[in-house]
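File shown here: entry31.cif, holding mmCIF, C-alpha atoms.
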```
data_model
#
loop_
_atom_site.group_PDB
_atom_site.id
_atom_site.type_symbol
_atom_site.label_atom_id
_atom_site.label_comp_id
_atom_site.auth_asym_id
_atom_site.auth_seq_id
_atom_site.Cartn_x
_atom_site.Cartn_y
_atom_site.Cartn_z
ATOM 1 C CA MET A 678 71.110 -6.268 -3.154
ATOM 2 C CA THR A 679 67.383 -6.917 -2.881
ATOM 3 C CA VAL A 680 66.133 -9.479 -0.455
ATOM 4 C CA ALA A 681 62.810 -11.243 -1.147
ATOM 5 C CA PHE A 682 60.560 -10.950 1.870
ATOM 6 C CA PHE A 683 58.285 -13.764 0.709
ATOM 7 C CA SER A 684 58.924 -16.781 -1.441
ATOM 8 C CA GLY A 685 56.865 -17.325 -4.617
ATOM 9 C CA LYS A 686 54.556 -19.663 -2.761
ATOM 10 C CA GLY A 687 54.105 -17.166 0.085
ATOM 11 C CA ARG A 688 53.188 -14.378 -2.351
ATOM 12 C CA ARG A 689 50.575 -16.588 -4.041
ATOM 13 C CA ILE A 690 49.034 -17.460 -0.682
ATOM 14 C CA GLY A 691 48.988 -13.786 0.311
ATOM 15 C CA VAL A 692 47.314 -12.773 -2.976
ATOM 16 C CA ALA A 693 44.736 -15.572 -2.615
ATOM 17 C CA LEU A 694 43.889 -14.517 0.957
ATOM 18 C CA GLY A 695 43.579 -10.892 -0.166
ATOM 19 C CA ALA A 696 41.216 -11.873 -2.999
ATOM 20 C CA VAL A 697 39.049 -13.952 -0.672
ATOM 21 C CA SER A 698 38.899 -11.106 1.862
ATOM 22 C CA ALA A 699 37.949 -8.589 -0.827
ATOM 23 C CA GLY A 700 35.252 -10.940 -2.155
ATOM 24 C CA LEU A 701 33.728 -11.391 1.281
ATOM 25 C CA LEU A 702 33.741 -7.628 1.819
ATOM 26 C CA VAL A 703 31.908 -7.077 -1.477
ATOM 27 C CA LEU A 704 29.347 -9.780 -0.693
ATOM 28 C CA SER A 705 28.658 -8.405 2.772
ATOM 29 C CA ALA A 706 27.732 -5.051 1.213
ATOM 30 C CA CYS A 707 25.070 -6.671 -1.019
ATOM 31 C CA ASP A 708 21.456 -6.871 0.037
ATOM 32 C CA LYS A 709 19.913 -10.306 0.223
ATOM 33 C CA PRO A 710 17.492 -10.634 -2.711
ATOM 34 C CA THR A 711 13.825 -10.841 -1.863
ATOM 35 C CA PRO A 712 11.772 -13.908 -2.766
ATOM 36 C CA LEU A 713 10.317 -13.840 -6.290
ATOM 37 C CA ALA A 714 6.717 -13.847 -7.419
ATOM 38 C CA THR A 715 5.787 -14.778 -10.987
ATOM 39 C CA VAL A 716 2.762 -14.212 -13.208
ATOM 40 C CA THR A 717 2.350 -16.369 -16.312
ATOM 41 C CA VAL A 718 -0.223 -15.976 -19.077
ATOM 42 C CA GLY A 719 0.108 -18.435 -21.939
ATOM 43 C CA ASP A 720 3.779 -18.416 -22.878
ATOM 44 C CA SER A 721 4.446 -14.956 -21.383
ATOM 45 C CA SER A 722 5.917 -14.875 -17.910
ATOM 46 C CA VAL A 723 7.144 -12.029 -15.701
ATOM 47 C CA SER A 724 8.895 -12.310 -12.344
ATOM 48 C CA SER A 725 9.538 -9.618 -9.799
ATOM 49 C CA GLU A 726 11.228 -9.079 -6.494
ATOM 50 C CA ALA A 727 9.092 -7.517 -3.777
ATOM 51 C CA ALA A 728 8.216 -3.837 -3.939
ATOM 52 C CA CYS A 729 8.252 -3.867 -0.132
ATOM 53 C CA TYR A 730 9.951 -6.527 1.963
ATOM 54 C CA ASN A 731 11.600 -6.592 5.394
ATOM 55 C CA ASP A 732 13.515 -9.897 5.442
ATOM 56 C CA GLY A 733 10.361 -11.820 6.322
ATOM 57 C CA LYS A 734 9.499 -9.554 9.257
ATOM 58 C CA ALA A 735 6.255 -7.559 9.429
ATOM 59 C CA LEU A 736 6.128 -4.342 7.420
ATOM 60 C CA LYS A 737 5.551 -1.199 9.468
ATOM 61 C CA GLU A 738 1.902 -0.160 9.580
ATOM 62 C CA SER A 739 2.891 3.309 8.346
ATOM 63 C CA GLU A 740 4.463 1.816 5.173
ATOM 64 C CA ILE A 741 1.726 -0.605 4.124
ATOM 65 C CA GLN A 742 -0.664 1.763 2.327
ATOM 66 C CA GLY A 743 2.207 3.413 0.462
ATOM 67 C CA CYS A 744 3.487 -0.007 -0.576
ATOM 68 C CA LEU A 745 0.061 -1.111 -1.779
ATOM 69 C CA ASN A 746 -0.245 2.090 -3.837
ATOM 70 C CA LYS A 747 3.109 1.687 -5.622
ATOM 71 C CA LYS A 748 2.797 1.242 -9.373
ATOM 72 C CA ALA A 749 3.689 -2.122 -10.879
ATOM 73 C CA GLU A 750 6.932 -2.247 -12.839
ATOM 74 C CA LYS A 751 6.091 -5.566 -14.539
ATOM 75 C CA SER A 752 3.210 -6.025 -16.940
ATOM 76 C CA VAL A 753 1.627 -8.927 -18.809
ATOM 77 C CA LYS A 754 -1.146 -8.988 -21.430
ATOM 78 C CA VAL A 755 -4.288 -10.962 -20.610
ATOM 79 C CA ALA A 756 -7.280 -11.921 -22.753
ATOM 80 C CA MET A 757 -10.606 -12.483 -21.027
ATOM 81 C CA ASP A 758 -10.446 -16.245 -21.713
ATOM 82 C CA ASP A 759 -6.790 -16.665 -20.605
ATOM 83 C CA LYS A 760 -5.716 -18.398 -17.419
ATOM 84 C CA VAL A 761 -3.542 -16.192 -15.206
ATOM 85 C CA ARG A 762 -1.081 -18.267 -13.197
ATOM 86 C CA PHE A 763 0.511 -16.919 -10.039
ATOM 87 C CA GLY A 764 3.565 -18.484 -8.451
ATOM 88 C CA VAL A 765 5.525 -17.649 -5.297
ATOM 89 C CA ASP A 766 8.638 -18.979 -3.586
ATOM 90 C CA PRO A 767 8.011 -21.816 -1.094
ATOM 91 C CA GLU A 768 8.874 -19.602 1.890
ATOM 92 C CA VAL A 769 6.094 -17.178 0.856
ATOM 93 C CA ALA A 770 3.630 -20.049 0.472
ATOM 94 C CA ASP A 771 4.550 -21.393 3.915
ATOM 95 C CA ASN A 772 3.480 -18.084 5.473
ATOM 96 C CA GLY A 773 0.456 -17.593 3.199
ATOM 97 C CA TRP A 774 -0.367 -15.056 0.497
ATOM 98 C CA SER A 775 -3.384 -13.228 -0.867
ATOM 99 C CA LEU A 776 -4.239 -11.262 -3.968
ATOM 100 C CA PHE A 777 -5.086 -7.574 -3.835
ATOM 101 C CA ILE A 778 -6.705 -5.982 -6.884
ATOM 102 C CA ASN A 779 -6.088 -2.261 -7.369
ATOM 103 C CA GLY A 780 -4.997 -1.990 -3.729
ATOM 104 C CA GLN A 781 -8.058 -3.751 -2.297
ATOM 105 C CA GLN A 782 -7.950 -7.162 -0.647
ATOM 106 C CA ALA A 783 -9.676 -9.667 -2.928
ATOM 107 C CA GLU A 784 -9.571 -12.712 -0.640
ATOM 108 C CA GLN A 785 -10.336 -13.344 2.989
ATOM 109 C CA GLU A 786 -8.042 -16.296 3.654
ATOM 110 C CA PRO A 787 -4.367 -16.570 2.684
ATOM 111 C CA TYR A 788 -3.416 -19.196 0.130
ATOM 112 C CA LYS A 789 -0.745 -21.704 1.279
ATOM 113 C CA ARG A 790 0.478 -23.240 -1.998
ATOM 114 C CA THR A 791 3.182 -22.046 -4.368
ATOM 115 C CA TYR A 792 0.974 -21.902 -7.455
ATOM 116 C CA ARG A 793 -2.564 -21.057 -8.473
ATOM 117 C CA SER A 794 -4.534 -20.294 -11.631
ATOM 118 C CA ILE A 795 -7.404 -17.792 -12.045
ATOM 119 C CA PRO A 796 -9.426 -16.923 -15.190
ATOM 120 C CA GLY A 797 -8.401 -13.628 -16.789
ATOM 121 C CA SER A 798 -12.012 -12.447 -16.847
ATOM 122 C CA ALA A 799 -11.951 -12.243 -13.030
ATOM 123 C CA PHE A 800 -9.589 -9.265 -13.217
ATOM 124 C CA PHE A 801 -11.578 -7.208 -15.725
ATOM 125 C CA ALA A 802 -15.207 -7.724 -14.651
ATOM 126 C CA SER A 803 -17.159 -5.892 -11.969
ATOM 127 C CA GLN A 804 -19.294 -7.703 -9.411
ATOM 128 C CA THR A 805 -22.288 -7.230 -11.709
ATOM 129 C CA GLY A 806 -20.427 -8.988 -14.554
ATOM 130 C CA GLU A 807 -19.761 -5.897 -16.671
ATOM 131 C CA THR A 808 -16.271 -5.446 -18.075
ATOM 132 C CA THR A 809 -14.267 -2.683 -16.446
ATOM 133 C CA ALA A 810 -10.948 -0.948 -17.123
ATOM 134 C CA ASP A 811 -8.345 -2.185 -19.602
ATOM 135 C CA LYS A 812 -5.644 -2.338 -16.921
ATOM 136 C CA THR A 813 -5.679 -3.872 -13.468
ATOM 137 C CA GLN A 814 -2.946 -3.876 -10.852
ATOM 138 C CA VAL A 815 -2.694 -7.169 -9.011
ATOM 139 C CA SER A 816 -0.579 -7.378 -5.876
ATOM 140 C CA ILE A 817 0.596 -10.544 -4.212
ATOM 141 C CA VAL A 818 0.700 -9.912 -0.477
ATOM 142 C CA GLU A 819 2.569 -12.258 1.861
ATOM 143 C CA THR A 820 1.092 -12.552 5.325
ATOM 144 C CA LYS A 821 2.310 -13.962 8.585
ATOM 145 C CA GLY A 822 -0.714 -14.189 10.843
ATOM 146 C CA GLN A 823 -2.316 -10.740 10.726
ATOM 147 C CA LYS A 824 0.917 -9.020 9.639
ATOM 148 C CA LEU A 825 1.894 -8.189 6.051
ATOM 149 C CA THR A 826 5.483 -9.174 5.300
ATOM 150 C CA GLY A 827 5.896 -8.655 1.547
ATOM 151 C CA ILE A 828 4.172 -7.043 -1.444
ATOM 152 C CA TRP A 829 4.741 -7.772 -5.155
ATOM 153 C CA HIS A 830 2.990 -5.815 -7.944
ATOM 154 C CA PHE A 831 2.001 -6.769 -11.488
ATOM 155 C CA GLN A 832 -0.082 -4.951 -14.059
ATOM 156 C CA LEU A 833 -2.507 -6.992 -16.135
ATOM 157 C CA THR A 834 -3.403 -5.341 -19.453
ATOM 158 C CA LYS A 835 -6.551 -6.542 -21.230
ATOM 159 C CA THR A 836 -6.229 -7.633 -24.851
ATOM 160 C CA SER A 837 -8.962 -8.547 -27.334
#
```

If you took the structure in this file and wrote it as structure tokens, what would it be?
Amino acid sequence: MTVAFFSGKGRRIGVALGAVSAGLLVLSACDKPTPLATVTVGDSSVSSEAACYNDGKALKESEIQGCLNKKAEKSVKVAMDDKVRFGVDPEVADNGWSLFINGQQAEQEPYKRTYRSIPGSAFFASQTGETTADKTQVSIVETKGQKLTGIWHFQLTKTS
């Protein structure tokens, strides 16, 4: 004769506890997603997680140049008369962020708001006003004081 070790209710509780434990184990193995940055031109919008991010802590000096030189995975088309809108998560804005164009810092002071708009012509004209390449890589760089804490890349492709 077989004896039940657990009643029906006890088995259900045991299965529920096992499922919760397994779920917590799976979640603990996941990386926390990085904050998002978004570029919008007209009705086209692309968002990206950071190419380099260290949970809000400063990136190692030895990694920064390599991170700035990474190629953008997200691209958006921009006409010279378009407005290019950049948006970041509030935690990025709280620290401050700057734009880098083709790996070079384009601004001296970090921006402290979640959103800004810049004319598309600014990304495809040289300092003398002549138009330049058809593609420009723009990086959003989060700063905390003098330290870089996150880098997001986007490619802007010039259209007619």

Q.
If we count all atoms listed in the file and set the cut-off at 6 Å, which residues sit around Arg762 of chain A, ignoring sequence neighbours fewer than 4 positions away in its own chain? Please answer as number ranges by chain.
A. A: 716-717, 793-794

Q.
One decimal, in Å: what's the spacing between atom CA of Val769 of chain A and atom CA of Val753 of chain A?
A.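 Distance reported for this atom pair: 21.8 Å.
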
Q | Distance of atom CA of Val815 of chain A from atom CA of Phe831 of chain A, expressed in Å to one decimal place | A |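 Going from atom CA of Phe831 of chain A over to atom CA of Val815 of chain A covers 5.3 Å.
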
Box in all listed atoms of segment 792-803 of chain A, axis-aligned, with 5 Å more on each side; write out centre and edge lengths in Å to one decimal as AutoDock Vina command-line options.
```
--center_x -8.1 --center_y -13.9 --center_z -12.2 --size_x 28.1 --size_y 26.0 --size_z 19.4
```

**Q.** Shell around Asn746 of chain A at 10 Å using all atoms listed in the file, local window under 2 positions removed, as a list in words
**A.**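 Everything that qualifies: Ile741, Gln742, Gly743, Cys744, Lys748, Ala749, Asn779, Gly780, Gln781, Gln814, Ser816 and His830 of chain A.
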
Taking 4 positions as the minimum chain separation for residues in the same chain, which residues sit within 7 Å of segment 730-733 of chain A when counting only C-alpha atoms? Answer as an mmCIF file with C-alpha atoms, in the frame of the given file.
```cif
data_model
loop_
_atom_site.group_PDB
_atom_site.id
_atom_site.type_symbol
_atom_site.label_atom_id
_atom_site.label_comp_id
_atom_site.auth_asym_id
_atom_site.auth_seq_id
_atom_site.Cartn_x
_atom_site.Cartn_y
_atom_site.Cartn_z
ATOM 1 C CA THR A 711 13.825 -10.841 -1.863
ATOM 2 C CA THR A 826 5.483 -9.174 5.300
ATOM 3 C CA GLY A 827 5.896 -8.655 1.547
ATOM 4 C CA ILE A 828 4.172 -7.043 -1.444
#
```

Q.
as an MDAnalysis selection string, please: the residues near Asp811 of chain A (cut-off 12 Å, only C-alpha atoms, same-chain neighbours under 4 positions excluded).
A. chainID A and resid 754:757 797:798 800:802 832:837

Q. Hey, which of A:Asp766, A:Leu713, A:Thr791, A:Gly773 ends up closest to Leu825 of chain A? Count all atoms listed in the file.
A.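 For Leu825 of chain A, the nearest of the candidates is A:Gly773.
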
Q: Find, counting all atoms listed in the file, the residue in A:Phe763, A:Lys821, A:Glu768, A:Thr813 that gets nearest to Pro787 of chain A.
A: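 Comparing A:Phe763, A:Lys821, A:Glu768, A:Thr813 against Pro787 of chain A, the winner is A:Lys821.
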
**Q.** Atom-to-atom span, atom CA of Ser739 of chain A and atom CA of Ala783 of chain A, Å
**A.** 21.3 Å

Q. Please, which residues are within 7 Å of (-5.1, -18.3, -21.8) by the file's coordinates, counting all atoms listed in the file, and could they come as a list of chain:residue names?
A. A:Val718, A:Gly719, A:Ala756, A:Asp758, A:Asp759, A:Lys760

Q.
Just checking: using all atoms listed in the file, which residue out of A:Ala810, A:Val723, A:Ile817, A:Val765 ends up closest to Arg790 of chain A?
A.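 Smallest separation from Arg790 of chain A among the options: A:Val765.
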
Q: Give the answer as one residue: which of A:Ala735, A:Ala799, A:Leu745, A:Val761 has the shortest atom-to-atom distance to Gly822 of chain A, using all atoms listed in the file?
A: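 Closest candidate: A:Ala735.
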
(Q) Applying the PyMOL selection byres ((chain A and resi 724) around 6) to the file I just gave you, which residues come out? Please list them as JSON, numbers by chain. (A) {"A": [714, 715, 723, 725]}

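Proximity ranking of A:Ser752, A:Val818, A:Ser721, A:Pro710 relative to Glu784 of chain A places A:Val818 first, based on all atoms listed in the file.
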